[in-house]
file protein.pdb (PDB, C-alpha atoms)
ATOM      1  CA  MET A   1      58.769 -19.120 -68.312
ATOM      2  CA  ILE A   2      57.474 -15.583 -68.911
ATOM      3  CA  VAL A   3      55.661 -16.753 -72.016
ATOM      4  CA  ALA A   4      53.997 -19.558 -70.062
ATOM      5  CA  LEU A   5      52.925 -17.164 -67.284
ATOM      6  CA  SER A   6      51.560 -14.685 -69.825
ATOM      7  CA  ALA A   7      49.597 -17.420 -71.561
ATOM      8  CA  THR A   8      48.201 -18.578 -68.244
ATOM      9  CA  ALA A   9      47.217 -14.995 -67.341
ATOM     10  CA  ILE A  10      45.465 -14.571 -70.681
ATOM     11  CA  VAL A  11      43.570 -17.831 -70.200
ATOM     12  CA  VAL A  12      42.553 -16.807 -66.668
ATOM     13  CA  LEU A  13      41.381 -13.384 -67.891
ATOM     14  CA  ALA A  14      39.404 -14.995 -70.720
ATOM     15  CA  LEU A  15      37.743 -17.410 -68.279
ATOM     16  CA  LEU A  16      36.955 -14.580 -65.865
ATOM     17  CA  TRP A  17      35.461 -12.568 -68.761
ATOM     18  CA  GLU A  18      33.264 -15.520 -69.723
ATOM     19  CA  VAL A  19      32.119 -16.025 -66.142
ATOM     20  CA  SER A  20      31.505 -12.344 -65.395
ATOM     21  CA  MET A  21      29.714 -11.404 -68.651
ATOM     22  CA  PRO A  22      26.277 -12.780 -67.625
ATOM     23  CA  TRP A  23      26.625 -11.038 -64.251
ATOM     24  CA  ILE A  24      27.513  -7.708 -65.934
ATOM     25  CA  ASP A  25      24.594  -8.167 -68.347
ATOM     26  CA  ARG A  26      22.209  -8.776 -65.465
ATOM     27  CA  ARG A  27      23.463  -5.689 -63.633
ATOM     28  CA  LEU A  28      23.073  -3.521 -66.748
ATOM     29  CA  ASP A  29      19.534  -4.851 -67.349
ATOM     30  CA  ALA A  30      18.556  -4.153 -63.739
ATOM     31  CA  ARG A  31      19.957  -0.630 -63.983
ATOM     32  CA  ARG A  32      18.052  -0.010 -67.219
ATOM     33  CA  ALA A  33      14.819  -1.259 -65.623
ATOM     34  CA  ARG A  34      15.333   0.985 -62.572
ATOM     35  CA  ARG A  35      15.859   3.988 -64.856
ATOM     36  CA  GLU A  36      12.637   3.181 -66.746
ATOM     37  CA  LEU A  37      10.717   2.863 -63.500
ATOM     38  CA  ARG A  38      12.110   6.177 -62.295
ATOM     39  CA  ARG A  39      11.070   7.821 -65.559
ATOM     40  CA  ALA A  40       7.566   6.373 -65.294
ATOM     41  CA  GLY A  41       7.399   7.666 -61.737
ATOM     42  CA  ASP A  42       8.428  11.171 -62.852
ATOM     43  CA  ARG A  43       5.792  11.129 -65.555
ATOM     44  CA  ALA A  44       3.146  10.174 -63.024
ATOM     45  CA  GLY A  45       4.304  13.008 -60.759
ATOM     46  CA  ALA A  46       4.293  15.505 -63.596
ATOM     47  CA  TYR A  47       0.590  15.279 -64.234
ATOM     48  CA  ASP A  48      -1.930  14.623 -61.514
ATOM     49  CA  PRO A  49      -5.483  15.475 -62.636
ATOM     50  CA  GLY A  50      -6.659  15.917 -59.053
ATOM     51  CA  ARG A  51      -3.870  18.334 -58.221
ATOM     52  CA  GLU A  52      -4.416  20.282 -61.453
ATOM     53  CA  ARG A  53      -8.143  20.534 -60.691
ATOM     54  CA  ARG A  54      -7.466  21.809 -57.176
ATOM     55  CA  ALA A  55      -4.952  24.318 -58.551
ATOM     56  CA  GLU A  56      -7.533  25.600 -61.036
ATOM     57  CA  GLN A  57     -10.138  25.839 -58.283
ATOM     58  CA  ARG A  58      -7.772  27.948 -56.155
ATOM     59  CA  ALA A  59      -6.942  30.077 -59.194
ATOM     60  CA  ARG A  60     -10.646  30.713 -59.880
ATOM     61  CA  GLU A  61     -11.178  31.830 -56.293
ATOM     62  CA  LEU A  62      -8.219  34.197 -56.536
ATOM     63  CA  LEU A  63      -9.459  35.626 -59.844
ATOM     64  CA  LYS A  64     -12.952  36.096 -58.424
ATOM     65  CA  SER A  65     -11.529  38.003 -55.457
ATOM     66  CA  CYS A  66      -9.595  40.411 -57.705
ATOM     67  CA  VAL A  67     -11.936  41.327 -60.566
ATOM     68  CA  ASN A  68     -15.341  42.983 -60.251
ATOM     69  CA  ASP A  69     -18.647  41.077 -60.249
ATOM     70  CA  GLU A  70     -19.387  41.754 -63.906
ATOM     71  CA  GLU A  71     -15.956  40.593 -65.043
ATOM     72  CA  TRP A  72     -16.191  37.476 -62.914
ATOM     73  CA  ALA A  73     -19.637  36.638 -64.310
ATOM     74  CA  MET A  74     -18.304  37.231 -67.835
ATOM     75  CA  TYR A  75     -15.438  34.805 -67.318
ATOM     76  CA  ARG A  76     -17.656  32.229 -65.610
ATOM     77  CA  ASP A  77     -20.322  32.378 -68.321
ATOM     78  CA  LEU A  78     -18.296  33.012 -71.467
ATOM     79  CA  GLY A  79     -14.781  31.742 -70.676
ATOM     80  CA  PHE A  80     -12.979  35.013 -71.401
ATOM     81  CA  LEU A  81     -12.625  38.523 -69.997
ATOM     82  CA  ARG A  82     -12.933  41.903 -71.688
ATOM     83  CA  VAL A  83     -10.685  44.699 -70.484
ATOM     84  CA  TRP A  84     -10.980  48.240 -71.811
ATOM     85  CA  GLY A  85      -7.826  49.759 -73.265
ATOM     86  CA  GLY A  86      -6.253  52.393 -71.072
ATOM     87  CA  GLN A  87      -5.091  54.682 -73.867
ATOM     88  CA  SER A  88      -8.556  55.735 -75.056
ATOM     89  CA  ASP A  89      -8.079  58.898 -73.046
ATOM     90  CA  PRO A  90      -8.050  61.875 -75.481
ATOM     91  CA  ASP A  91      -4.946  63.229 -73.771
ATOM     92  CA  ALA A  92      -3.104  59.920 -73.777
ATOM     93  CA  PRO A  93      -0.183  59.372 -76.141
ATOM     94  CA  GLY A  94      -0.378  56.719 -78.856
ATOM     95  CA  ASP A  95      -2.114  55.861 -82.125
ATOM     96  CA  LEU A  96      -5.418  54.964 -80.469
ATOM     97  CA  ARG A  97      -5.777  58.320 -78.766
ATOM     98  CA  GLY A  98      -9.442  59.091 -78.202
ATOM     99  CA  ILE A  99     -10.677  55.831 -79.707
ATOM    100  CA  ASP A 100     -12.309  53.217 -77.482
ATOM    101  CA  TYR A 101     -10.614  49.877 -77.788
ATOM    102  CA  ALA A 102     -10.622  46.762 -75.673
ATOM    103  CA  TYR A 103      -8.901  43.430 -75.166
ATOM    104  CA  LEU A 104     -10.243  39.920 -74.900
ATOM    105  CA  ILE A 105      -8.320  37.733 -72.473
ATOM    106  CA  TYR A 106      -8.444  33.981 -72.995
ATOM    107  CA  PRO A 107      -6.601  31.439 -70.842
ATOM    108  CA  HIS A 108      -3.337  30.373 -72.479
ATOM    109  CA  LYS A 109      -4.202  32.080 -75.744
ATOM    110  CA  PRO A 110      -3.145  35.424 -77.177
ATOM    111  CA  ILE A 111      -4.749  38.633 -75.964
ATOM    112  CA  VAL A 112      -6.909  40.070 -78.748
ATOM    113  CA  ALA A 113      -7.244  43.825 -79.208
ATOM    114  CA  TYR A 114     -10.372  45.067 -81.005
ATOM    115  CA  LEU A 115     -12.613  48.068 -81.576
ATOM    116  CA  PRO A 116     -15.900  47.516 -79.713
ATOM    117  CA  GLN A 117     -17.853  49.983 -81.866
ATOM    118  CA  THR A 118     -17.145  48.190 -85.123
ATOM    119  CA  GLY A 119     -15.995  44.767 -83.939
ATOM    120  CA  ARG A 120     -12.810  45.184 -85.983
ATOM    121  CA  LEU A 121      -9.957  43.003 -84.724
ATOM    122  CA  LEU A 122      -6.697  44.905 -84.325
ATOM    123  CA  ASN A 123      -3.962  42.577 -83.142
ATOM    124  CA  GLU A 124      -3.071  39.407 -81.290
ATOM    125  CA  TYR A 125      -0.587  39.744 -78.444
ATOM    126  CA  CYS A 126       1.049  36.432 -77.611
ATOM    127  CA  VAL A 127       2.261  36.418 -74.046
ATOM    128  CA  GLU A 128       3.030  33.719 -71.493
ATOM    129  CA  PHE A 129       4.013  33.632 -67.832
ATOM    130  CA  PRO A 130       6.334  30.640 -67.701
ATOM    131  CA  ASP A 131       7.710  29.533 -64.327
ATOM    132  CA  GLU A 132      11.007  27.968 -65.315
ATOM    133  CA  THR A 133      11.418  26.320 -61.916
ATOM    134  CA  ARG A 134       8.683  23.914 -63.179
ATOM    135  CA  PRO A 135       7.518  23.077 -59.663
ATOM    136  CA  TYR A 136       5.223  20.317 -60.929
ATOM    137  CA  GLY A 137       6.946  19.488 -64.177
ATOM    138  CA  SER A 138       5.156  22.151 -66.180
ATOM    139  CA  PRO A 139       5.902  25.859 -66.526
ATOM    140  CA  ARG A 140       2.214  26.675 -67.220
ATOM    141  CA  LEU A 141       0.026  28.473 -64.695
ATOM    142  CA  PRO A 142      -3.541  27.225 -64.107
ATOM    143  CA  ASP A 143      -5.975  28.731 -66.643
ATOM    144  CA  SER A 144      -7.527  31.267 -64.286
ATOM    145  CA  ASP A 145      -4.120  32.370 -62.978
ATOM    146  CA  ASP A 146      -3.032  33.011 -66.573
ATOM    147  CA  VAL A 147      -6.147  35.155 -67.086
ATOM    148  CA  LEU A 148      -5.553  37.006 -63.815
ATOM    149  CA  ALA A 149      -1.893  37.696 -64.655
ATOM    150  CA  LYS A 150      -2.941  39.195 -68.009
ATOM    151  CA  TRP A 151      -5.730  41.190 -66.351
ATOM    152  CA  MET A 152      -3.350  42.606 -63.713
ATOM    153  CA  MET A 153      -0.781  43.511 -66.345
ATOM    154  CA  LEU A 154      -3.348  45.237 -68.576
ATOM    155  CA  GLN A 155      -4.756  47.106 -65.591
ATOM    156  CA  GLY A 156      -1.443  47.953 -63.992
ATOM    157  CA  ASP A 157       1.003  48.334 -66.839
ATOM    158  CA  GLU A 158      -0.629  47.998 -70.248
ATOM    159  CA  ARG A 159       2.402  49.314 -72.132
ATOM    160  CA  ARG A 160       4.698  46.804 -70.469
ATOM    161  CA  ILE A 161       2.671  43.721 -71.351
ATOM    162  CA  ILE A 162       2.129  44.944 -74.888
ATOM    163  CA  SER A 163       5.839  45.553 -75.312
ATOM    164  CA  GLU A 164       6.728  42.108 -73.861
ATOM    165  CA  ALA A 165       4.214  40.283 -76.069
ATOM    166  CA  ASN A 166       4.792  39.032 -79.585
ATOM    167  CA  LEU A 167       2.575  41.071 -81.858
ATOM    168  CA  HIS A 168       0.692  39.351 -84.696
ATOM    169  CA  LEU A 169      -2.091  40.263 -87.033
ATOM    170  CA  PRO A 170      -5.504  38.783 -86.168
ATOM    171  CA  GLY A 171      -5.872  35.184 -87.295
ATOM    172  CA  ARG A 172      -2.336  34.035 -86.537
ATOM    173  CA  GLN A 173      -3.342  31.785 -83.638
ATOM    174  CA  LEU A 174      -7.015  32.439 -83.055
ATOM    175  CA  ASP A 175      -9.692  31.969 -85.675
ATOM    176  CA  PRO A 176     -11.168  35.436 -86.372
ATOM    177  CA  ARG A 177     -14.596  33.829 -86.914
ATOM    178  CA  GLN A 178     -14.420  32.390 -83.402
ATOM    179  CA  ILE A 179     -13.502  35.833 -82.007
ATOM    180  CA  GLN A 180     -16.399  37.416 -83.889
ATOM    181  CA  ARG A 181     -18.705  34.755 -82.442
ATOM    182  CA  ASP A 182     -17.342  35.518 -78.968
ATOM    183  CA  LEU A 183     -17.971  39.232 -79.483
ATOM    184  CA  TRP A 184     -21.520  38.433 -80.542
ATOM    185  CA  ARG A 185     -21.959  36.217 -77.440
ATOM    186  CA  LEU A 186     -20.541  39.024 -75.288
ATOM    187  CA  GLY A 187     -22.999  41.532 -76.753
ATOM    188  CA  ARG A 188     -25.937  39.206 -76.154
ATOM    189  CA  TRP A 189     -24.703  38.417 -72.631
ATOM    190  CA  GLU A 190     -24.446  42.129 -71.796
ATOM    191  CA  ARG A 191     -27.935  42.855 -73.157
ATOM    192  CA  GLU A 192     -29.426  40.028 -71.101
ATOM    193  CA  ARG A 193     -27.568  41.187 -67.993
ATOM    194  CA  MET A 194     -28.786  44.754 -68.448
ATOM    195  CA  ALA A 195     -32.362  43.548 -69.005
ATOM    196  CA  ARG A 196     -32.150  41.439 -65.842
ATOM    197  CA  SER A 197     -30.896  44.345 -63.734
ATOM    198  CA  ALA A 198     -33.548  46.644 -65.270
ATOM    199  CA  ARG A 199     -36.246  44.110 -64.322
ATOM    200  CA  ALA A 200     -34.783  43.805 -60.818
ATOM    201  CA  GLY A 201     -34.735  47.623 -60.505
ATOM    202  CA  ALA A 202     -38.344  47.895 -61.691
ATOM    203  CA  GLY A 203     -39.367  45.179 -59.221
ATOM    204  CA  GLN A 204     -37.755  47.061 -56.355
ATOM    205  CA  LEU A 205     -39.517  50.279 -57.373
ATOM    206  CA  ALA A 206     -42.858  48.493 -57.662
ATOM    207  CA  GLU A 207     -42.658  46.870 -54.235
ATOM    208  CA  PRO A 208     -43.499  49.931 -52.077
ATOM    209  CA  ALA A 209     -46.526  50.691 -54.315
ATOM    210  CA  ASP A 210     -47.783  47.128 -53.847
ATOM    211  CA  GLY A 211     -47.266  47.293 -50.128
TER     212      GLY A 211
ATOM    213  CA  MET B   1       0.810  31.894 -58.499
ATOM    214  CA  ARG B   2       2.528  28.613 -59.313
ATOM    215  CA  PRO B   3       2.040  26.045 -62.043
ATOM    216  CA  GLY B   4       0.268  22.967 -60.743
ATOM    217  CA  PHE B   5      -0.593  24.674 -57.507
ATOM    218  CA  GLY B   6      -2.289  28.031 -58.058
ATOM    219  CA  GLU B   7      -2.329  30.427 -55.165
ATOM    220  CA  GLN B   8       0.303  29.751 -52.519
ATOM    221  CA  LEU B   9       0.830  31.816 -49.361
ATOM    222  CA  ILE B  10       4.517  32.661 -49.148
ATOM    223  CA  ALA B  11       4.638  35.192 -46.315
ATOM    224  CA  GLU B  12       2.341  37.147 -44.078
ATOM    225  CA  GLY B  13       2.821  39.794 -41.468
ATOM    226  CA  ASP B  14       1.936  43.223 -40.170
ATOM    227  CA  VAL B  15       3.884  46.107 -41.708
ATOM    228  CA  GLU B  16       3.417  48.069 -38.496
ATOM    229  CA  VAL B  17       5.543  45.506 -36.620
ATOM    230  CA  PRO B  18       9.197  46.237 -37.527
ATOM    231  CA  GLU B  19      10.419  42.593 -37.457
ATOM    232  CA  GLU B  20       7.490  41.428 -39.556
ATOM    233  CA  GLU B  21       7.939  44.280 -42.011
ATOM    234  CA  ARG B  22      11.632  43.345 -42.389
ATOM    235  CA  ALA B  23      10.649  39.748 -43.096
ATOM    236  CA  LEU B  24       8.090  40.899 -45.674
ATOM    237  CA  ILE B  25      10.645  43.154 -47.377
ATOM    238  CA  GLU B  26      13.118  40.265 -47.483
ATOM    239  CA  GLU B  27      10.534  37.948 -49.029
ATOM    240  CA  PHE B  28       9.468  40.632 -51.514
ATOM    241  CA  ARG B  29      13.055  41.052 -52.676
ATOM    242  CA  ARG B  30      13.584  37.292 -52.826
ATOM    243  CA  GLN B  31      10.566  36.875 -55.095
ATOM    244  CA  LEU B  32      11.715  39.675 -57.395
ATOM    245  CA  ASP B  33      15.208  38.168 -57.487
ATOM    246  CA  ARG B  34      13.612  34.892 -58.579
ATOM    247  CA  GLY B  35      12.256  36.780 -61.568
ATOM    248  CA  MET B  36       8.687  37.173 -60.361
ATOM    249  CA  TRP B  37       6.564  40.262 -60.914
ATOM    250  CA  ALA B  38       4.410  41.753 -58.188
ATOM    251  CA  ALA B  39       0.942  43.267 -58.403
ATOM    252  CA  VAL B  40      -1.445  44.719 -55.875
ATOM    253  CA  PRO B  41      -5.174  44.207 -56.556
ATOM    254  CA  MET B  42      -7.116  47.300 -55.528
ATOM    255  CA  THR B  43     -10.673  48.558 -55.230
ATOM    256  CA  ARG B  44     -11.168  52.217 -56.113
ATOM    257  CA  THR B  45     -13.551  54.449 -54.210
ATOM    258  CA  ASP B  46     -16.137  54.076 -57.017
ATOM    259  CA  GLY B  47     -15.968  50.301 -56.535
ATOM    260  CA  ARG B  48     -13.973  49.632 -59.691
ATOM    261  CA  ARG B  49     -11.416  46.836 -59.383
ATOM    262  CA  GLU B  50      -7.956  47.313 -60.783
ATOM    263  CA  ALA B  51      -4.367  46.297 -60.157
ATOM    264  CA  GLU B  52      -1.131  48.128 -59.757
ATOM    265  CA  MET B  53       2.255  46.695 -60.669
ATOM    266  CA  VAL B  54       4.887  47.353 -58.003
ATOM    267  CA  ARG B  55       8.648  47.174 -58.352
ATOM    268  CA  THR B  56       9.715  48.162 -54.846
ATOM    269  CA  PHE B  57       8.320  47.434 -51.415
ATOM    270  CA  GLY B  58       7.832  51.173 -50.902
ATOM    271  CA  GLU B  59       5.331  51.303 -53.774
ATOM    272  CA  ILE B  60       2.956  48.926 -51.993
ATOM    273  CA  PRO B  61       0.131  50.825 -50.274
ATOM    274  CA  ARG B  62       0.536  50.328 -46.517
ATOM    275  CA  ASP B  63      -3.055  49.187 -46.073
ATOM    276  CA  THR B  64      -3.113  46.632 -48.885
ATOM    277  CA  PRO B  65      -4.119  43.188 -47.675
ATOM    278  CA  ARG B  66      -2.058  41.240 -50.234
ATOM    279  CA  VAL B  67       0.539  41.304 -52.957
ATOM    280  CA  ILE B  68       0.370  38.743 -55.755
ATOM    281  CA  PHE B  69       3.553  37.434 -57.349
ATOM    282  CA  PHE B  70       3.461  35.831 -60.758
ATOM    283  CA  PRO B  71       6.074  34.721 -63.291
ATOM    284  CA  ARG B  72       7.529  37.392 -65.567
ATOM    285  CA  ALA B  73       5.778  37.837 -68.903
ATOM    286  CA  ALA B  74       7.473  36.545 -72.004
ATOM    287  CA  GLY B  75       6.473  36.704 -75.635
ATOM    288  CA  GLY B  76       4.423  33.617 -76.406
ATOM    289  CA  SER B  77       5.025  31.233 -79.256
ATOM    290  CA  VAL B  78       2.765  30.101 -82.055
ATOM    291  CA  ARG B  79       1.293  26.701 -81.268
TER     292      ARG B  79
END
call {"tool": "encode", "arguments": {"input": "protein.pdb", "output": "structure tokens"}}
result
Amino acid sequence: MIVALSATAIVVLALLWEVSMPWIDRRLDARRARRELRRAGDRAGAYDPGRERRAEQRARELLKSCVNDEEWAMYRDLGFLRVWGGQSDPDAPGDLRGIDYAYLIYPHKPIVAYLPQTGRLLNEYCVEFPDETRPYGSPRLPDSDDVLAKWMMLQGDERRIISEANLHLPGRQLDPRQIQRDLWRLGRWERERMARSARAGAGQLAEPADG
Amino acid sequence: MRPGFGEQLIAEGDVEVPEEERALIEEFRRQLDRGMWAAVPMTRTDGRREAEMVRTFGEIPRDTPRVIFFPRAAGGSVR
């Protein structure tokens, strides 16, 4: 009797398995498809070109409001900023005491230290400002915010940013020839700017004589 | 400053109004607890622009119009 009941139970279970398998398969497929859709949706939310463009526009406005006119024009025209090193002071401690040095700030690239008088590249300082909360899927700040953060750090606490950064010799991430080209562009840009302001000054002086 | 967003107003108030100053102090601390750094953009008397890093609310000049918070610096990686 027990054997017969067990056999019947096994048969019933086998039949139920056969009947329910397609249903389980369908449910698993539907779940897989939903997961894929969700992933696709997340990817779409992670990168929105319009939002990124608006973020960069806001970041440019903020940068413009913080740096001086010359620095803003430099960034707008050349795509990088030059900041003078704060330890050139003859009384300041450090190896570069009394020597003029400067930094080039590029968005999302290392800060480059160099000697303006000779154009010699000193170091690359790799530093990032990652927001690990990843509010929009990425930890990266807009380009101009990255530049502003580096500018504020170099202005406000040069030692701190230099100590937080990973120090490399020139050429590790940035092509030294590109940097030299940028320094040449900067020199030309400054000469043109000075010539323009000299012409504007001469024009202003000439005006009363004409009148 | 926030990724994907840029500048975002997180709090505003008048430091001369005690309740508003308390709210600003609270928000300042909350941002620092989140791991943000704070800087105050300034214009010197000779017109030169610079920034000052601040670690406490007391270090912020009373007349400053804004404080900018940005994520803490970390050594970057080679790409």
call {"tool": "closest_residue", "arguments": {"input": "protein.pdb", "among": "A:Trp84, A:Leu121, A:Cys66, A:Leu186", "to": "Glu52 of chain B", "atoms": "all atoms listed in the file"}}
result
A:Cys66
call {"tool": "atom_distance", "arguments": {"input": "protein.pdb", "atom1": "atom CA of Phe70 of chain B", "atom2": "atom CA of Tyr106 of chain A"}}
result
17.2 Å
call {"tool": "closest_residue", "arguments": {"input": "protein.pdb", "among": "A:Glu192, A:His108, A:Arg177, A:Pro170", "to": "chain B", "atoms": "all atoms listed in the file"}}
result
A:His108
call {"tool": "interface_residues", "arguments": {"input": "protein.pdb", "of": "chain A", "to": "chain B", "cutoff": "8 Å", "atoms": "all atoms listed in the file", "output": "compact mmCIF listing (two decimals) with C-alpha atoms, in the coordinates of the input"}}
result
# COMPACT_ATOMS: atom_id res chain seq x y z
CA ARG A 51 -3.87 18.33 -58.22
CA GLU A 52 -4.42 20.28 -61.45
CA ARG A 54 -7.47 21.81 -57.18
CA ALA A 55 -4.95 24.32 -58.55
CA GLU A 56 -7.53 25.60 -61.04
CA ARG A 58 -7.77 27.95 -56.16
CA ALA A 59 -6.94 30.08 -59.19
CA LEU A 62 -8.22 34.20 -56.54
CA CYS A 66 -9.60 40.41 -57.70
CA VAL A 67 -11.94 41.33 -60.57
CA ASN A 68 -15.34 42.98 -60.25
CA PRO A 110 -3.14 35.42 -77.18
CA CYS A 126 1.05 36.43 -77.61
CA VAL A 127 2.26 36.42 -74.05
CA GLU A 128 3.03 33.72 -71.49
CA PHE A 129 4.01 33.63 -67.83
CA PRO A 130 6.33 30.64 -67.70
CA ASP A 131 7.71 29.53 -64.33
CA ARG A 134 8.68 23.91 -63.18
CA PRO A 135 7.52 23.08 -59.66
CA TYR A 136 5.22 20.32 -60.93
CA SER A 138 5.16 22.15 -66.18
CA PRO A 139 5.90 25.86 -66.53
CA ARG A 140 2.21 26.68 -67.22
CA LEU A 141 0.03 28.47 -64.69
CA PRO A 142 -3.54 27.22 -64.11
CA ASP A 145 -4.12 32.37 -62.98
CA ALA A 149 -1.89 37.70 -64.66
CA MET A 152 -3.35 42.61 -63.71
CA MET A 153 -0.78 43.51 -66.34
CA GLN A 155 -4.76 47.11 -65.59
CA GLY A 156 -1.44 47.95 -63.99
CA ASP A 157 1.00 48.33 -66.84
CA ILE A 161 2.67 43.72 -71.35
CA GLU A 164 6.73 42.11 -73.86
CA ALA A 165 4.21 40.28 -76.07
CA ASN A 166 4.79 39.03 -79.58
CA ARG A 172 -2.34 34.03 -86.54
CA GLN A 173 -3.34 31.78 -83.64
call {"tool": "atom_distance", "arguments": {"input": "protein.pdb", "atom1": "atom CA of Arg35 of chain A", "atom2": "atom CA of Thr133 of chain A"}}
result
23.0 Å
call {"tool": "closest_residue", "arguments": {"input": "protein.pdb", "among": "A:Ala198, A:Arg193, A:Arg32, A:Pro176", "to": "Ala73 of chain A", "atoms": "only C-alpha atoms"}}
result
A:Arg193
call {"tool": "residues_around", "arguments": {"input": "protein.pdb", "residues": "Leu122 of chain A", "least_positions_apart": "4", "cutoff": "12 Å", "atoms": "all atoms listed in the file", "output": "PyMOL selection string"}}
result
chain A and resi 96+101-104+111-116+118+167-172+176+179
call {"tool": "atom_distance", "arguments": {"input": "protein.pdb", "atom1": "atom CA of Glu124 of chain A", "atom2": "atom CA of Leu174 of chain A"}}
result
8.2 Å
call {"tool": "closest_residue", "arguments": {"input": "protein.pdb", "among": "B:Arg30, B:Leu9, B:Thr45, B:Leu24", "to": "Ile60 of chain B", "atoms": "all atoms listed in the file"}}
result
B:Leu24
call {"tool": "residues_around", "arguments": {"input": "protein.pdb", "residues": "segment 11-21 of chain B", "least_positions_apart": "3", "cutoff": "10 Å", "atoms": "all atoms listed in the file", "output": "PyMOL selection string"}}
result
chain B and resi 8+24-28+57+62-63+65-67
